[in-house]
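This is run_17.csv (CSV, C-alpha atoms and all ligand atoms).
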chain,number,residue,atom,x,y,z
A,24,MET,CA,-13.0,-4.1,-9.4
A,25,SER,CA,-14.3,-7.6,-8.7
A,26,LYS,CA,-17.8,-8.3,-9.9
A,27,HIS,CA,-17.7,-11.9,-8.8
A,28,TRP,CA,-20.1,-12.1,-6.0
A,29,ILE,CA,-21.0,-15.7,-5.4
A,30,HIS,CA,-21.1,-16.5,-1.7
A,31,TRP,CA,-23.4,-13.8,-0.6
A,32,SER,CA,-27.1,-13.5,-0.8
A,33,LEU,CA,-29.5,-11.1,0.6
A,34,PRO,CA,-31.2,-12.4,3.7
A,35,ILE,CA,-34.9,-12.7,3.3
A,36,LEU,CA,-36.3,-10.0,5.6
A,37,ALA,CA,-39.5,-11.0,7.2
A,38,VAL,CA,-42.1,-8.4,6.9
A,39,LEU,CA,-44.0,-8.3,10.0
A,40,GLY,CA,-47.7,-7.8,10.0
A,41,THR,CA,-49.0,-5.7,7.2
A,42,ALA,CA,-46.8,-6.2,4.2
A,43,SER,CA,-47.3,-2.9,2.4
A,44,ARG,CA,-47.9,-0.3,5.1
A,45,PRO,CA,-46.0,2.7,3.8
A,46,GLY,CA,-43.1,4.0,5.8
A,47,VAL,CA,-42.4,0.9,7.9
A,48,GLU,CA,-40.7,-1.3,5.3
A,49,PRO,CA,-37.6,-2.9,6.7
A,50,PRO,CA,-34.4,-1.2,5.4
A,51,ALA,CA,-32.9,-2.5,2.3
A,52,GLN,CA,-29.7,-4.4,3.0
A,53,VAL,CA,-26.4,-4.4,1.4
A,54,SER,CA,-23.9,-7.0,2.4
A,55,VAL,CA,-20.3,-5.9,2.5
A,56,ARG,CA,-17.3,-8.2,2.5
A,57,LEU,CA,-13.9,-6.6,3.5
A,58,SER,CA,-10.6,-8.3,2.7
A,59,GLU,CA,-7.1,-7.5,1.6
A,60,TRP,CA,-7.4,-5.4,-0.5
A,61,LYS,CA,-11.0,-5.1,-1.6
A,62,VAL,CA,-14.5,-4.0,-0.6
A,63,GLU,CA,-17.2,-6.2,-2.2
A,64,LEU,CA,-20.8,-5.2,-2.1
A,65,SER,CA,-23.7,-7.6,-2.7
A,66,GLN,CA,-25.0,-5.1,-5.2
A,67,GLN,CA,-23.8,-1.9,-6.8
A,68,ALA,CA,-27.1,-0.1,-6.8
A,69,ILE,CA,-30.0,0.3,-4.4
A,70,ALA,CA,-33.1,2.3,-4.0
A,71,ALA,CA,-32.9,5.5,-1.9
A,72,GLY,CA,-34.1,5.4,1.6
A,73,THR,CA,-32.9,3.5,4.7
A,74,VAL,CA,-30.1,1.2,3.9
A,75,ARG,CA,-28.6,-1.3,6.3
A,76,PHE,CA,-25.0,-2.3,5.6
A,77,ALA,CA,-24.1,-5.8,7.0
A,78,ILE,CA,-20.3,-5.8,7.1
A,79,THR,CA,-18.0,-8.8,7.6
A,80,ASN,CA,-14.3,-8.6,7.8
A,81,ALA,CA,-13.2,-11.7,5.8
A,82,GLY,CA,-9.6,-10.6,5.8
A,83,SER,CA,-6.7,-11.4,8.1
A,84,ILE,CA,-6.1,-7.9,9.5
A,85,PRO,CA,-8.5,-5.3,11.1
A,86,HIS,CA,-10.5,-3.2,8.7
A,87,ALA,CA,-13.5,-0.8,8.9
A,88,PHE,CA,-16.2,0.5,6.6
A,89,GLU,CA,-17.0,4.1,5.6
A,90,VAL,CA,-19.7,5.5,3.4
A,91,GLU,CA,-19.1,9.0,2.0
A,92,GLY,CA,-20.9,11.4,-0.3
A,93,HIS,CA,-23.9,13.8,-0.5
A,94,GLY,CA,-23.3,15.2,3.0
A,95,ILE,CA,-22.8,11.7,4.6
A,96,GLU,CA,-19.6,10.6,6.1
A,97,LYS,CA,-20.1,7.7,8.5
A,98,GLU,CA,-17.9,4.8,9.4
A,99,THR,CA,-18.0,1.7,11.6
A,100,ARG,CA,-15.5,1.0,14.4
A,101,THR,CA,-12.6,-1.1,13.5
A,102,ILE,CA,-13.8,-4.7,12.7
A,103,GLN,CA,-11.4,-7.5,13.7
A,104,PRO,CA,-10.8,-10.4,11.3
A,105,GLY,CA,-13.8,-12.7,11.3
A,106,ALA,CA,-16.0,-10.2,13.0
A,107,SER,CA,-19.1,-8.3,11.7
A,108,ASP,CA,-20.8,-5.0,12.2
A,109,THR,CA,-23.7,-3.0,10.8
A,110,LEU,CA,-24.2,0.5,9.7
A,111,THR,CA,-27.7,1.9,9.0
A,112,LEU,CA,-28.0,5.1,7.0
A,113,THR,CA,-30.6,7.1,5.1
A,114,LEU,CA,-29.3,7.7,1.6
A,115,LYS,CA,-30.5,10.1,-1.0
A,116,PRO,CA,-30.0,9.3,-4.7
A,117,GLY,CA,-26.5,9.7,-5.9
A,118,THR,CA,-23.2,7.8,-6.1
A,119,TYR,CA,-21.5,7.1,-2.7
A,120,GLU,CA,-17.9,6.2,-2.1
A,121,VAL,CA,-17.5,3.1,0.2
A,122,TYR,CA,-14.1,2.2,1.5
A,123,CYS,CA,-11.9,1.1,4.3
A,124,PRO,CA,-10.7,4.1,6.3
A,125,VAL,CA,-8.0,2.2,8.2
A,126,GLY,CA,-4.4,3.4,7.9
A,127,GLU,CA,-5.2,7.0,6.9
A,128,ASP,CA,-6.5,5.7,3.5
A,129,SER,CA,-3.6,3.3,2.9
A,130,HIS,CA,-6.1,0.4,2.7
A,131,LYS,CA,-8.2,2.5,0.3
A,132,LYS,CA,-5.2,3.1,-1.9
A,133,LEU,CA,-4.4,-0.5,-2.0
A,134,GLY,CA,-7.9,-1.2,-3.5
A,135,MET,CA,-10.3,-1.2,-0.6
A,136,GLU,CA,-12.7,1.1,-2.3
A,137,SER,CA,-16.0,0.7,-4.2
A,138,HIS,CA,-19.0,2.7,-5.1
A,139,LEU,CA,-22.7,2.4,-4.4
A,140,ARG,CA,-25.3,4.0,-6.6
A,141,VAL,CA,-28.4,5.0,-4.8
A,142,VAL,CA,-31.3,5.5,-7.2
A,143,ASP,CA,-34.6,7.2,-6.9
A,144,ALA,CA,-36.9,4.3,-6.2
A,145,ASN,CA,-39.8,5.7,-8.2
A,146,ALA,CA,-37.9,7.0,-11.2
A,147,GLU,CA,-35.5,4.1,-11.7
A,148,ARG,CA,-37.1,1.1,-10.1
A,149,GLY,CA,-35.4,-2.1,-11.0
A,150,SER,CA,-32.2,-0.5,-12.3
A,151,THR,CA,-29.1,-2.2,-11.2
A,152,GLY,CA,-26.8,-0.8,-13.8
A,153,TYR,CA,-23.4,0.2,-12.7
A,154,GLY,CA,-21.0,2.0,-14.9
A,155,ALA,CA,-17.5,0.5,-14.9
A,156,THR,CA,-15.8,3.7,-14.0
A,157,SER,CA,-12.4,3.4,-12.4
A,158,PRO,CA,-12.1,5.3,-9.1
A,159,SER,CA,-9.0,7.1,-10.3
A,160,GLY,CA,-10.8,8.1,-13.5
A,161,GLY,CA,-7.7,7.7,-15.6
A,162,ARG,CA,-5.9,10.7,-14.3
A,163,VAL,CA,-2.2,10.4,-14.6
A,164,LYS,CA,-0.2,11.4,-11.6
A,165,SER,CA,3.6,11.7,-11.6
A,166,ILE,CA,6.5,12.6,-9.5
A,167,ARG,CA,10.2,13.4,-10.1
A,168,VAL,CA,12.6,12.6,-7.2
A,169,MET,CA,16.1,13.7,-6.7
A,170,GLY,CA,18.4,12.1,-4.2
A,171,GLY,CA,20.3,14.6,-2.0
A,172,GLY,CA,22.1,15.0,1.3
A,173,PRO,CA,24.2,12.4,3.1
A,174,VAL,CA,24.3,9.0,1.3
A,175,ILE,CA,24.5,5.9,3.5
A,176,GLN,CA,24.7,2.2,2.8
A,177,ILE,CA,22.7,0.0,5.1
A,178,LEU,CA,24.3,-3.3,6.1
A,179,PRO,CA,22.5,-6.3,7.6
A,180,GLY,CA,21.7,-6.1,11.3
A,181,PRO,CA,19.0,-6.5,13.9
A,182,PHE,CA,15.7,-4.5,13.6
A,183,PRO,CA,15.8,-2.0,16.4
A,184,PHE,CA,12.0,-2.3,17.3
A,185,PRO,CA,11.4,-6.0,17.5
A,186,ASP,CA,8.9,-5.7,20.4
A,187,SER,CA,6.8,-3.2,18.4
A,188,ALA,CA,6.9,-5.4,15.3
A,189,ALA,CA,6.2,-8.7,17.0
A,190,PRO,CA,2.4,-8.4,17.4
A,191,ILE,CA,2.0,-7.2,13.8
A,192,LEU,CA,4.2,-10.1,12.5
A,193,GLN,CA,1.5,-12.4,13.9
A,194,GLN,CA,-0.8,-11.3,11.2
A,195,PHE,CA,1.5,-12.4,8.4
A,196,GLY,CA,0.7,-16.1,8.3
A,197,ASP,CA,2.8,-17.9,5.8
A,198,GLU,CA,5.2,-15.0,5.4
A,199,ARG,CA,6.0,-14.7,9.1
A,200,GLU,CA,8.9,-17.1,9.2
A,201,GLY,CA,10.8,-15.3,6.5
A,202,LEU,CA,10.2,-12.0,8.1
A,203,GLU,CA,11.2,-13.2,11.6
A,204,SER,CA,14.6,-14.1,10.3
A,205,GLN,CA,14.9,-10.5,9.2
A,206,VAL,CA,14.3,-9.3,12.8
A,207,LYS,CA,17.7,-10.6,13.8
A,208,ASN,CA,19.6,-9.9,10.6
A,209,GLY,CA,17.7,-7.9,8.0
A,210,PRO,CA,18.1,-4.7,6.0
A,211,TYR,CA,16.4,-2.3,8.4
A,212,SER,CA,19.3,-2.0,10.8
A,213,ASN,CA,21.4,0.6,12.5
A,214,ASN,CA,24.5,-0.9,10.9
A,215,VAL,CA,25.2,1.9,8.4
A,216,THR,CA,28.3,3.1,6.6
A,217,PRO,CA,28.9,6.4,4.6
A,218,SER,CA,28.5,6.1,0.8
A,219,SER,CA,28.4,8.4,-2.1
A,220,GLY,CA,26.4,8.7,-5.3
A,221,SER,CA,23.4,10.1,-7.1
A,222,PHE,CA,19.8,8.9,-7.8
A,223,THR,CA,17.1,10.6,-9.9
A,224,PHE,CA,13.9,9.1,-11.2
A,225,THR,CA,10.5,9.9,-12.5
A,226,ALA,CA,7.5,7.7,-11.8
A,227,TRP,CA,4.0,7.8,-13.4
A,228,ASP,CA,0.9,6.4,-11.6
A,229,LYS,CA,-1.4,5.4,-14.5
A,230,GLY,CA,-3.2,2.5,-12.9
A,231,ALA,CA,-2.3,-1.1,-12.0
A,232,THR,CA,-0.8,-2.3,-15.3
A,233,ARG,CA,0.3,0.9,-17.0
A,234,ASP,CA,2.5,2.5,-14.3
A,235,SER,CA,5.9,3.5,-15.4
A,236,VAL,CA,9.3,4.6,-14.1
A,237,ASP,CA,12.5,6.0,-15.5
A,238,GLY,CA,15.6,6.6,-13.5
A,239,LEU,CA,19.3,6.2,-12.9
A,240,ALA,CA,21.3,5.5,-9.7
A,241,GLU,CA,25.0,5.4,-9.3
A,242,PHE,CA,26.8,4.8,-6.0
A,243,THR,CA,29.9,3.4,-4.4
A,244,THR,CA,29.7,0.8,-1.7
A,245,GLN,CA,31.8,0.2,1.4
A,246,ASP,CA,34.1,-2.2,-0.5
A,247,GLY,CA,34.9,0.5,-3.2
A,248,ALA,CA,32.7,-1.2,-5.9
A,249,ARG,CA,30.9,1.2,-8.2
A,250,TRP,CA,27.3,0.3,-8.9
A,251,ARG,CA,25.0,1.6,-11.6
A,252,LEU,CA,21.2,0.9,-11.8
A,253,VAL,CA,19.1,1.8,-14.8
A,254,LEU,CA,15.4,1.5,-13.8
A,255,ASP,CA,13.7,-0.2,-16.7
A,256,ARG,CA,10.0,-1.0,-15.9
A,257,VAL,CA,7.7,-1.3,-13.0
A,258,GLN,CA,6.9,-4.7,-11.6
A,259,THR,CA,3.2,-5.2,-11.1
A,260,LYS,CA,3.1,-8.7,-9.6
A,261,ASP,CA,3.0,-9.6,-5.9
A,262,VAL,CA,6.3,-9.5,-4.2
A,263,ALA,CA,7.1,-11.7,-1.1
A,264,HIS,CA,6.1,-9.8,2.0
A,265,HIS,CA,4.6,-7.1,-0.1
A,266,PRO,CA,1.2,-8.6,-1.2
A,267,ARG,CA,-0.6,-6.7,-3.9
A,268,PHE,CA,2.2,-4.2,-4.1
A,269,GLY,CA,2.8,-3.6,-7.7
A,270,GLY,CA,3.6,-0.5,-9.7
A,271,VAL,CA,3.7,3.0,-8.5
A,272,ILE,CA,1.8,4.3,-5.4
A,273,LEU,CA,1.8,8.0,-4.6
A,274,GLY,CA,1.1,9.0,-1.1
A,275,LEU,CA,0.8,5.9,1.0
A,276,TYR,CA,0.9,5.5,4.8
A,277,TYR,CA,2.2,2.0,5.6
A,278,HIS,CA,4.6,-0.4,7.2
A,279,GLY,CA,5.1,-0.5,11.0
A,280,ASN,CA,1.9,-0.6,12.9
A,281,THR,CA,-0.4,-0.2,9.9
A,282,GLY,CA,-0.5,-3.9,9.0
A,283,VAL,CA,0.3,-3.0,5.4
A,284,HIS,CA,3.4,-4.7,4.2
A,285,THR,CA,6.3,-5.6,6.4
A,286,PRO,CA,6.4,-4.2,9.9
A,287,LEU,CA,10.1,-4.5,9.9
A,288,VAL,CA,10.2,-0.9,8.7
A,289,PRO,CA,9.0,1.8,11.0
A,290,THR,CA,5.5,3.3,10.3
A,291,ILE,CA,6.0,5.8,7.5
A,292,ASN,CA,4.3,8.1,5.1
A,293,SER,CA,5.6,7.9,1.5
A,294,ALA,CA,5.4,10.5,-1.3
A,295,VAL,CA,6.0,7.6,-3.7
A,296,ALA,CA,6.7,3.9,-3.4
A,297,LEU,CA,7.3,1.6,-6.3
A,298,TRP,CA,8.7,-1.8,-7.2
A,299,ALA,CA,10.6,-2.0,-10.5
A,300,PHE,CA,13.0,-4.1,-12.5
A,301,GLY,CA,16.4,-2.6,-13.4
A,302,HIS,CA,19.7,-3.3,-15.2
A,303,LEU,CA,22.4,-3.5,-12.6
A,304,TYR,CA,26.1,-3.0,-13.4
A,305,LYS,CA,29.1,-3.4,-11.0
A,306,ASN,CA,32.3,-1.7,-12.1
A,307,ASP,CA,30.8,-1.3,-15.5
A,308,ALA,CA,30.1,-5.1,-15.9
A,309,LEU,CA,26.5,-6.2,-16.2
A,310,VAL,CA,25.3,-8.1,-13.1
A,311,THR,CA,21.7,-8.6,-14.1
A,312,ASP,CA,18.9,-7.3,-16.3
A,313,ASN,CA,16.3,-8.3,-13.8
A,314,ALA,CA,17.4,-6.7,-10.5
A,315,MET,CA,14.4,-6.3,-8.2
A,316,VAL,CA,14.2,-2.7,-7.0
A,317,HIS,CA,12.2,-1.1,-4.3
A,318,VAL,CA,12.2,2.6,-4.0
A,319,MET,CA,10.5,4.9,-1.5
A,320,LEU,CA,10.6,8.6,-0.8
A,321,LEU,CA,9.4,8.6,2.8
A,322,SER,CA,9.2,10.4,6.1
A,323,ARG,CA,12.6,10.4,7.7
A,324,THR,CA,13.3,7.3,9.7
A,325,ARG,CA,16.9,7.9,10.6
A,326,ARG,CA,18.5,10.6,12.8
A,327,ASP,CA,21.4,12.8,11.8
A,328,GLY,CA,24.9,11.8,12.8
A,329,ASP,CA,24.9,8.0,13.1
A,330,PHE,CA,21.8,7.5,11.0
A,331,ALA,CA,20.3,5.0,13.4
A,332,LEU,CA,16.6,4.3,13.0
A,333,ALA,CA,15.1,6.9,15.3
A,334,CYS,CA,11.4,6.1,15.6
A,335,TRP,CA,8.9,3.2,15.4
A,336,ASP,CA,6.2,5.6,14.1
A,337,CYS,CA,8.0,8.1,11.8
A,338,SER,CA,4.9,9.0,9.8
A,339,ARG,CA,4.9,12.7,10.9
A,340,ASN,CA,8.5,13.3,10.0
A,341,LYS,CA,9.5,15.4,6.9
A,342,ILE,CA,9.3,13.4,3.7
A,343,GLU,CA,12.9,13.6,2.5
A,344,GLU,CA,14.5,10.1,2.9
A,345,LEU,CA,15.0,8.3,-0.3
A,346,GLN,CA,15.5,4.5,0.0
A,347,LEU,CA,16.8,2.4,-2.8
A,348,GLN,CA,16.8,-1.4,-2.2
A,349,ILE,CA,18.1,-3.8,-4.8
A,350,LEU,CA,17.8,-7.6,-4.8
A,351,PRO,CA,18.7,-10.2,-7.4
A,352,GLY,CA,16.0,-11.3,-9.8
A,353,GLN,CA,14.1,-14.5,-9.0
A,354,GLY,CA,16.4,-17.5,-9.1
A,355,GLU,CA,19.5,-15.4,-9.6
A,356,PRO,CA,22.6,-15.6,-7.3
A,357,LYS,CA,23.0,-13.2,-4.4
A,358,PHE,CA,25.0,-10.1,-5.0
A,359,ASP,CA,28.5,-9.9,-3.8
A,360,SER,CA,27.6,-7.5,-1.1
A,361,PRO,CA,26.9,-7.8,2.7
A,362,GLY,CA,23.7,-9.8,3.1
A,363,GLY,CA,23.5,-10.2,-0.7
A,364,PHE,CA,21.5,-7.0,-1.1
A,365,LEU,CA,22.1,-3.4,-1.9
A,366,PHE,CA,20.4,-0.8,0.3
A,367,VAL,CA,21.4,2.9,-0.1
A,368,ASN,CA,19.6,6.0,1.3
A,369,TRP,CA,19.8,9.6,0.3
A,370,GLU,CA,18.8,11.4,3.5
A,371,LYS,CA,17.8,14.9,2.3
A,372,SER,CA,16.0,14.3,-1.0
A,373,SER,CA,13.4,16.3,-2.8
A,374,SER,CA,10.6,15.8,-5.2
A,375,SER,CA,8.7,17.9,-7.8
A,376,LYS,CA,6.1,17.5,-10.4
A,377,PRO,CA,7.8,16.7,-13.7
A,378,ALA,CA,7.2,18.9,-16.7
A,379,SER,CA,5.0,16.6,-18.8
B,1,CU,CU,-8.8,-2.0,5.7
Could you render the structure as structure tokens?
Ligand SMILES: [Cu+2]
Amino acid sequence: MSKHWIHWSLPILAVLGTASRPGVEPPAQVSVRLSEWKVELSQQAIAAGTVRFAITNAGSIPHAFEVEGHGIEKETRTIQPGASDTLTLTLKPGTYEVYCPVGEDSHKKLGMESHLRVVDANAERGSTGYGATSPSGGRVKSIRVMGGGPVIQILPGPFPFPDSAAPILQQFGDEREGLESQVKNGPYSNNVTPSSGSFTFTAWDKGATRDSVDGLAEFTTQDGARWRLVLDRVQTKDVAHHPRFGGVILGLYYHGNTGVHTPLVPTINSAVALWAFGHLYKNDALVTDNAMVHVMLLSRTRRDGDFALACWDCSRNKIEELQLQILPGQGEPKFDSPGGFLFVNWEKSSSSKPAS
């Protein structure tokens, strides 16, 4: 959690008339800065009473601000990039969760979450201490996923919902150009071919730098080549078109109209999403030790039969589609496969909690 608060200062609130008349003091103010993907507060602790939050969206996509705890659950409307809003609440002593509620908590899960400690003004005046507790509290969460059902290989082709994706692509700034080329000929296409193979993995969500994954995929592509991928370690750095998307994230609503990650994937809910490195073999010969791997177990996006993408918002469908995407490591040559990537789905997959 960032503690670097430099640009913001509390406005001097003019006290009108009698300076110390009890009960009419102006509300204490907390400045809030929203951006991708954090919520920064001008202070982490404040005295109990009326608190006015002055919120600015300094990010490049819409956000909102919610305060939750001790019987309070209040949020602003959606705040557009560059715009501001305020929220005035009467807060009792205690620790409150403050976060961005946009995207059914996907923004929160990406880091847009902080805490405000409200202290009894008389008992703890002057206290601004704030314990550096992590919001996830160090709990390890894990999932075991087994690929099942029809296996399909996805070949390059046009994205079937270009009009829905277009306004969201506008938000992507520098990344837009690369993404726009995928609209015409990218990996999220209706150009699919039957495949066969197996994929099983276990992922552990232990926090940004300690996430872990272990798994094996074996499949045959259209040209008859046999591929084997041994998942080695998660990747925790930014990935192009996937800002701040490292490691393992359990339970994320994103893509499509959420503004989180590429909109050239329908809006989905995922049980698990991760980026990892893997060892990739083709017909038993090593291709690379640095294959870039993206895995998602998500709400079904394709229909039975021809496995065409069936919905722009697929977030309410059953979570049973397992996607495996493999790209060459940075600076490595393209794979000898259509489009230079490997993209295989297991359409009726399942997950469970691993025995630990
Ligand atoms: Cu947000």
Give as a PyMOL selection string the residues surrounding ligand CU 1 (chain B) up to a distance of 10 Å, considering only C-alpha atoms and all ligand atoms. chain A and resi 57-62+80+82-88+101-102+122-136+281-283
CA of Leu275 (chain A) sits from CA of Val295 (chain A) at a separation of 7.2 Å
Excluding same-chain residues fewer than 3 positions from His93 (chain A), what lies within 10 Å of it counting all atoms listed in the file, as number ranges by chain? A: 96, 114-120
Measuring between only C-alpha atoms, which one of A:Gln176, A:Ser137, A:Thr99, A:Ser373 shows the shortest distance to Ser212 (chain A)?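 For Ser212 (chain A), the nearest of the candidates is A:Gln176.
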Two-atom distance - CA of Leu64 (chain A), CA of Leu139 (chain A) (Å):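 CA of Leu64 (chain A) sits 8.2 Å away from CA of Leu139 (chain A).
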Within 7 Å of region 68-79 of chain A, counting all atoms listed in the file, which residues qualify if same-chain residues fewer than 3 places away don't, as a ChimeraX atom specification? /A:50-57,105-116,139-144,151,153
Since we have the selection now, will you write its residues out, keeping C-alpha atoms, as a compact mmCIF listing (two decimals), in the coordinates of the input?
# COMPACT_ATOMS: atom_id res chain seq x y z
CA PRO A 50 -34.40 -1.20 5.40
CA ALA A 51 -32.90 -2.50 2.30
CA GLN A 52 -29.70 -4.40 3.00
CA VAL A 53 -26.40 -4.40 1.40
CA SER A 54 -23.90 -7.00 2.40
CA VAL A 55 -20.30 -5.90 2.50
CA ARG A 56 -17.30 -8.20 2.50
CA LEU A 57 -13.90 -6.60 3.50
CA GLY A 105 -13.80 -12.70 11.30
CA ALA A 106 -16.00 -10.20 13.00
CA SER A 107 -19.10 -8.30 11.70
CA ASP A 108 -20.80 -5.00 12.20
CA THR A 109 -23.70 -3.00 10.80
CA LEU A 110 -24.20 0.50 9.70
CA THR A 111 -27.70 1.90 9.00
CA LEU A 112 -28.00 5.10 7.00
CA THR A 113 -30.60 7.10 5.10
CA LEU A 114 -29.30 7.70 1.60
CA LYS A 115 -30.50 10.10 -1.00
CA PRO A 116 -30.00 9.30 -4.70
CA LEU A 139 -22.70 2.40 -4.40
CA ARG A 140 -25.30 4.00 -6.60
CA VAL A 141 -28.40 5.00 -4.80
CA VAL A 142 -31.30 5.50 -7.20
CA ASP A 143 -34.60 7.20 -6.90
CA ALA A 144 -36.90 4.30 -6.20
CA THR A 151 -29.10 -2.20 -11.20
CA TYR A 153 -23.40 0.20 -12.70
Pairwise distance, CA of Val215 (chain A) with CA of Asn313 (chain A), equals 26.0 Å
Here is a test: counting only C-alpha atoms, which residue of A:Asn340, A:Thr244, A:Ser204, A:Gln103 is nearest to Leu365 (chain A)?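 Among A:Asn340, A:Thr244, A:Ser204, A:Gln103, it is A:Thr244 that comes nearest to Leu365 (chain A).
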With only C-alpha atoms as the counted atoms, please give the residues lying no more than 7 Å from Asn208 (chain A), apart from itself and same-chain residues fewer than 3 positions off, as a list in words.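 My list of contacting residues is Pro179, Gly180, Pro181, Ser204 and Gln205 of chain A.
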Could you check which of A:Ala296, A:Val174, A:Val288, A:Ala248 is closest to Thr225 (chain A), using all atoms listed in the file? A:Ala296
Which residue is closest to Ala81 (chain A)? Choose from A:Leu297, A:Thr243, A:Ile166, A:Glu63 and count only C-alpha atoms.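 Of the candidates, the smallest distance to Ala81 (chain A) is held by A:Glu63.
The shortest atom-to-atom distance to Met315 (chain A), with only C-alpha atoms taken into account, belongs to A:Thr259 out of A:Ser375, A:Asn213, A:Thr259, A:Ser219.
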List the spatial neighbours of Leu347 (chain A) as a count of residues only - criterion: any atom at most 8 Å away, all atoms listed in the file, same-chain residues fewer than 2 positions off excluded. 10
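Nearest to Asp336 (chain A) of all the residues A:Ile175, A:Ile291, A:Ile272, A:Val206 is A:Ile291, counting only C-alpha atoms.
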Identify, on the basis of only C-alpha atoms, every residue whose closest approach to Gly363 (chain A) does not exceed 9 Å; exclude the query and any residue fewer than 5 positions from it along the same chain; express the result as a JSON list (two decimals) with C-alpha atoms, keeping the file's coordinate frame.
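The new file result-v7.json reads:
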[["chain", "number", "residue", "atom", "x", "y", "z"],
["A", 350, "LEU", "CA", 17.80, -7.60, -4.80],
["A", 351, "PRO", "CA", 18.70, -10.20, -7.40],
["A", 356, "PRO", "CA", 22.60, -15.60, -7.30],
["A", 357, "LYS", "CA", 23.00, -13.20, -4.40],
["A", 358, "PHE", "CA", 25.00, -10.10, -5.00]]
